[in-house]
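**Q** Sharing a structure below in structure tokens format, with a few things to ask.
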Amino acid sequence: AAAGPACHRPQHSPYAAPTAEALMRSRYAAFAVRDEPYLLRTWHPSTRPGHLGLDPAMRWTGLEILETTGGSAFHTEGTVTFRARFTAGGEAGSLHECSRFVRHEGAWVYLDAVFAE
């Protein structure tokens with residue numbers, strides 16, 4: 001099979017993410033393409049909002065993973081600390097966050113975050 005643009009799309013099943021970091025990366029890609037259904041599907045039901053209201057003017061321009069704890073196939077919890085760069089209204093910015101992930105019904109899901117900046 002030829003590799004095409006599909007290889008750059010977010011993983012559409014939370015079961016496809018083998019680690020918390022893999023889910024973090026796929027959620028970043030989903031934010032970049034404003035895939036709200038995927039983002040909500042991979043969010044823990046206890047903290048999931050009703051909708052996200054993603055800003056179509058915001059452009060995500062880069063992701064840097066700074067640290068991970070837990071989050072492997074052998075864990076039930078994990079954290080991913082990252083810096084995501086964006087532009088909004090012509091201004092560059094960044095989001096520095098430590099996201100918490102847990103397993104829910106066997107799949108990694110995003111639980112919540114502690115904003116580092």
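Residues are referred to by chain and number: the chain letter is A, B, ... according to the order shown in the structure tokens, the number counts from 1 in that chain, and ligands are numbered separately from 1 in the order shown.
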Where does DSSP see strand (DSSP E or B) in chain A, if you list the residues as a PyMOL selection string?

**A** chain A and resi 43+59-70+77-88+91-104+107-115

**Q** Please provide as JSON, numbers by chain all residues within 9 Å of Trp60 of chain A, with the sequence filter that same-chain residues fewer than 2 positions apart are discarded (counting only C-alpha atoms).

**A** {"A": [28, 29, 31, 32, 33, 58, 62, 63, 84, 85, 86, 87, 88]}

**Q** Considering only C-alpha atoms, tabulate each residue of segment 11-106 of chain A that lies at most 7 Å from segment 111-116 of chain A along with its nearest interatomic pair and the corresponding distance in Å to one decimal; arrange the rows by chain and ascending residue number and present them as JSON lines.

**A**
```
{"residue": "A:Trp43", "atom": "CA", "partner": "A:Leu111", "partner_atom": "CA", "distance": 6.2}
{"residue": "A:His44", "atom": "CA", "partner": "A:Leu111", "partner_atom": "CA", "distance": 5.2}
{"residue": "A:Thr47", "atom": "CA", "partner": "A:Leu111", "partner_atom": "CA", "distance": 6.4}
{"residue": "A:His96", "atom": "CA", "partner": "A:Ala116", "partner_atom": "CA", "distance": 5.3}
{"residue": "A:Glu97", "atom": "CA", "partner": "A:Phe115", "partner_atom": "CA", "distance": 4.4}
{"residue": "A:Cys98", "atom": "CA", "partner": "A:Val114", "partner_atom": "CA", "distance": 5.3}
{"residue": "A:Ser99", "atom": "CA", "partner": "A:Ala113", "partner_atom": "CA", "distance": 4.2}
{"residue": "A:Arg100", "atom": "CA", "partner": "A:Asp112", "partner_atom": "CA", "distance": 5.4}
{"residue": "A:Phe101", "atom": "CA", "partner": "A:Leu111", "partner_atom": "CA", "distance": 5.2}
{"residue": "A:Val102", "atom": "CA", "partner": "A:Leu111", "partner_atom": "CA", "distance": 6.4}
```

**Q** For the residues in that selection, give me N, CA and C atoms as a JSON list (two decimals), in the first residue's frame.

**A**
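Here's the written file result13.json:
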```json
[["chain", "number", "residue", "atom", "x", "y", "z"],
["A", 43, "TRP", "N", -11.63, 12.00, 25.36],
["A", 43, "TRP", "CA", -11.65, 12.77, 26.60],
["A", 43, "TRP", "C", -12.42, 11.95, 27.63],
["A", 44, "HIS", "N", -11.91, 11.85, 28.84],
["A", 44, "HIS", "CA", -12.59, 11.07, 29.89],
["A", 44, "HIS", "C", -13.99, 11.63, 30.15],
["A", 47, "THR", "N", -14.64, 14.47, 32.79],
["A", 47, "THR", "CA", -14.13, 15.84, 32.61],
["A", 47, "THR", "C", -14.43, 16.40, 31.21],
["A", 96, "HIS", "N", 2.11, 25.64, 27.30],
["A", 96, "HIS", "CA", 2.98, 24.72, 28.02],
["A", 96, "HIS", "C", 2.10, 24.04, 29.06],
["A", 97, "GLU", "N", 1.98, 22.72, 28.96],
["A", 97, "GLU", "CA", 0.98, 22.02, 29.77],
["A", 97, "GLU", "C", 1.50, 20.65, 30.17],
["A", 98, "CYS", "N", 1.03, 20.19, 31.32],
["A", 98, "CYS", "CA", 1.22, 18.81, 31.74],
["A", 98, "CYS", "C", -0.16, 18.16, 31.72],
["A", 99, "SER", "N", -0.38, 17.29, 30.73],
["A", 99, "SER", "CA", -1.67, 16.62, 30.57],
["A", 99, "SER", "C", -1.66, 15.29, 31.30],
["A", 100, "ARG", "N", -2.78, 14.98, 31.96],
["A", 100, "ARG", "CA", -2.93, 13.68, 32.62],
["A", 100, "ARG", "C", -3.81, 12.78, 31.77],
["A", 101, "PHE", "N", -3.37, 11.54, 31.61],
["A", 101, "PHE", "CA", -4.09, 10.54, 30.85],
["A", 101, "PHE", "C", -4.34, 9.33, 31.73],
["A", 102, "VAL", "N", -5.48, 8.68, 31.54],
["A", 102, "VAL", "CA", -5.82, 7.46, 32.27],
["A", 102, "VAL", "C", -6.45, 6.47, 31.28]]
```

**Q** Could you write out, as a PyMOL selection string, all the residues of chain A that DSSP marks as alpha helix (DSSP H)?

**A** chain A and resi 20-32+36-41

**Q** Could you write out the selected residues, including C-alpha atoms, as a PDB file, in the first residue's frame?

**A**
```
ATOM      1  CA  ALA A  20      -0.428   8.187  26.570  1.00  0.00           C
ATOM      2  CA  GLU A  21       2.179  10.022  24.483  1.00  0.00           C
ATOM      3  CA  ALA A  22       0.788   8.535  21.251  1.00  0.00           C
ATOM      4  CA  LEU A  23      -2.679   9.729  22.255  1.00  0.00           C
ATOM      5  CA  MET A  24      -1.275  13.180  23.092  1.00  0.00           C
ATOM      6  CA  ARG A  25       0.293  13.400  19.625  1.00  0.00           C
ATOM      7  CA  SER A  26      -2.920  12.298  17.896  1.00  0.00           C
ATOM      8  CA  ARG A  27      -4.947  14.819  19.923  1.00  0.00           C
ATOM      9  CA  TYR A  28      -2.527  17.592  18.926  1.00  0.00           C
ATOM     10  CA  ALA A  29      -3.063  16.607  15.268  1.00  0.00           C
ATOM     11  CA  ALA A  30      -6.826  16.623  15.880  1.00  0.00           C
ATOM     12  CA  PHE A  31      -6.625  20.166  17.309  1.00  0.00           C
ATOM     13  CA  ALA A  32      -4.633  21.192  14.215  1.00  0.00           C
ATOM     14  CA  GLU A  36     -13.802  18.071  17.617  1.00  0.00           C
ATOM     15  CA  PRO A  37     -15.563  14.643  17.529  1.00  0.00           C
ATOM     16  CA  TYR A  38     -12.207  12.858  17.915  1.00  0.00           C
ATOM     17  CA  LEU A  39     -11.119  15.188  20.724  1.00  0.00           C
ATOM     18  CA  LEU A  40     -14.356  14.614  22.630  1.00  0.00           C
ATOM     19  CA  ARG A  41     -14.216  10.841  22.035  1.00  0.00           C
TER      20      ARG A  41
END
```

**Q** Kindly indicate which residue among A:Trp108, A:Gly53, A:Phe82, A:Gly89 lies nearest to Glu67 of chain A, using only C-alpha atoms for the distances.

**A**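 Closest residue, counting only C-alpha atoms: A:Phe82.
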
**Q** Atom CA of Leu52 of chain A and atom CA of Gly70 of chain A, how far apart in Å?

**A**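 Going from atom CA of Gly70 of chain A over to atom CA of Leu52 of chain A covers 27.3 Å.
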
**Q** In Å, with one decimal, what is the gap from atom CA of Ala17 of chain A to atom CA of Thr81 of chain A?

**A** 17.2 Å

**Q** Considering only C-alpha atoms, can you say which of A:Thr19, A:Ser72, A:Leu54, A:Arg103 comes closest to Asp35 of chain A?

**A**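 Of all the options, A:Leu54 lies closest to Asp35 of chain A.
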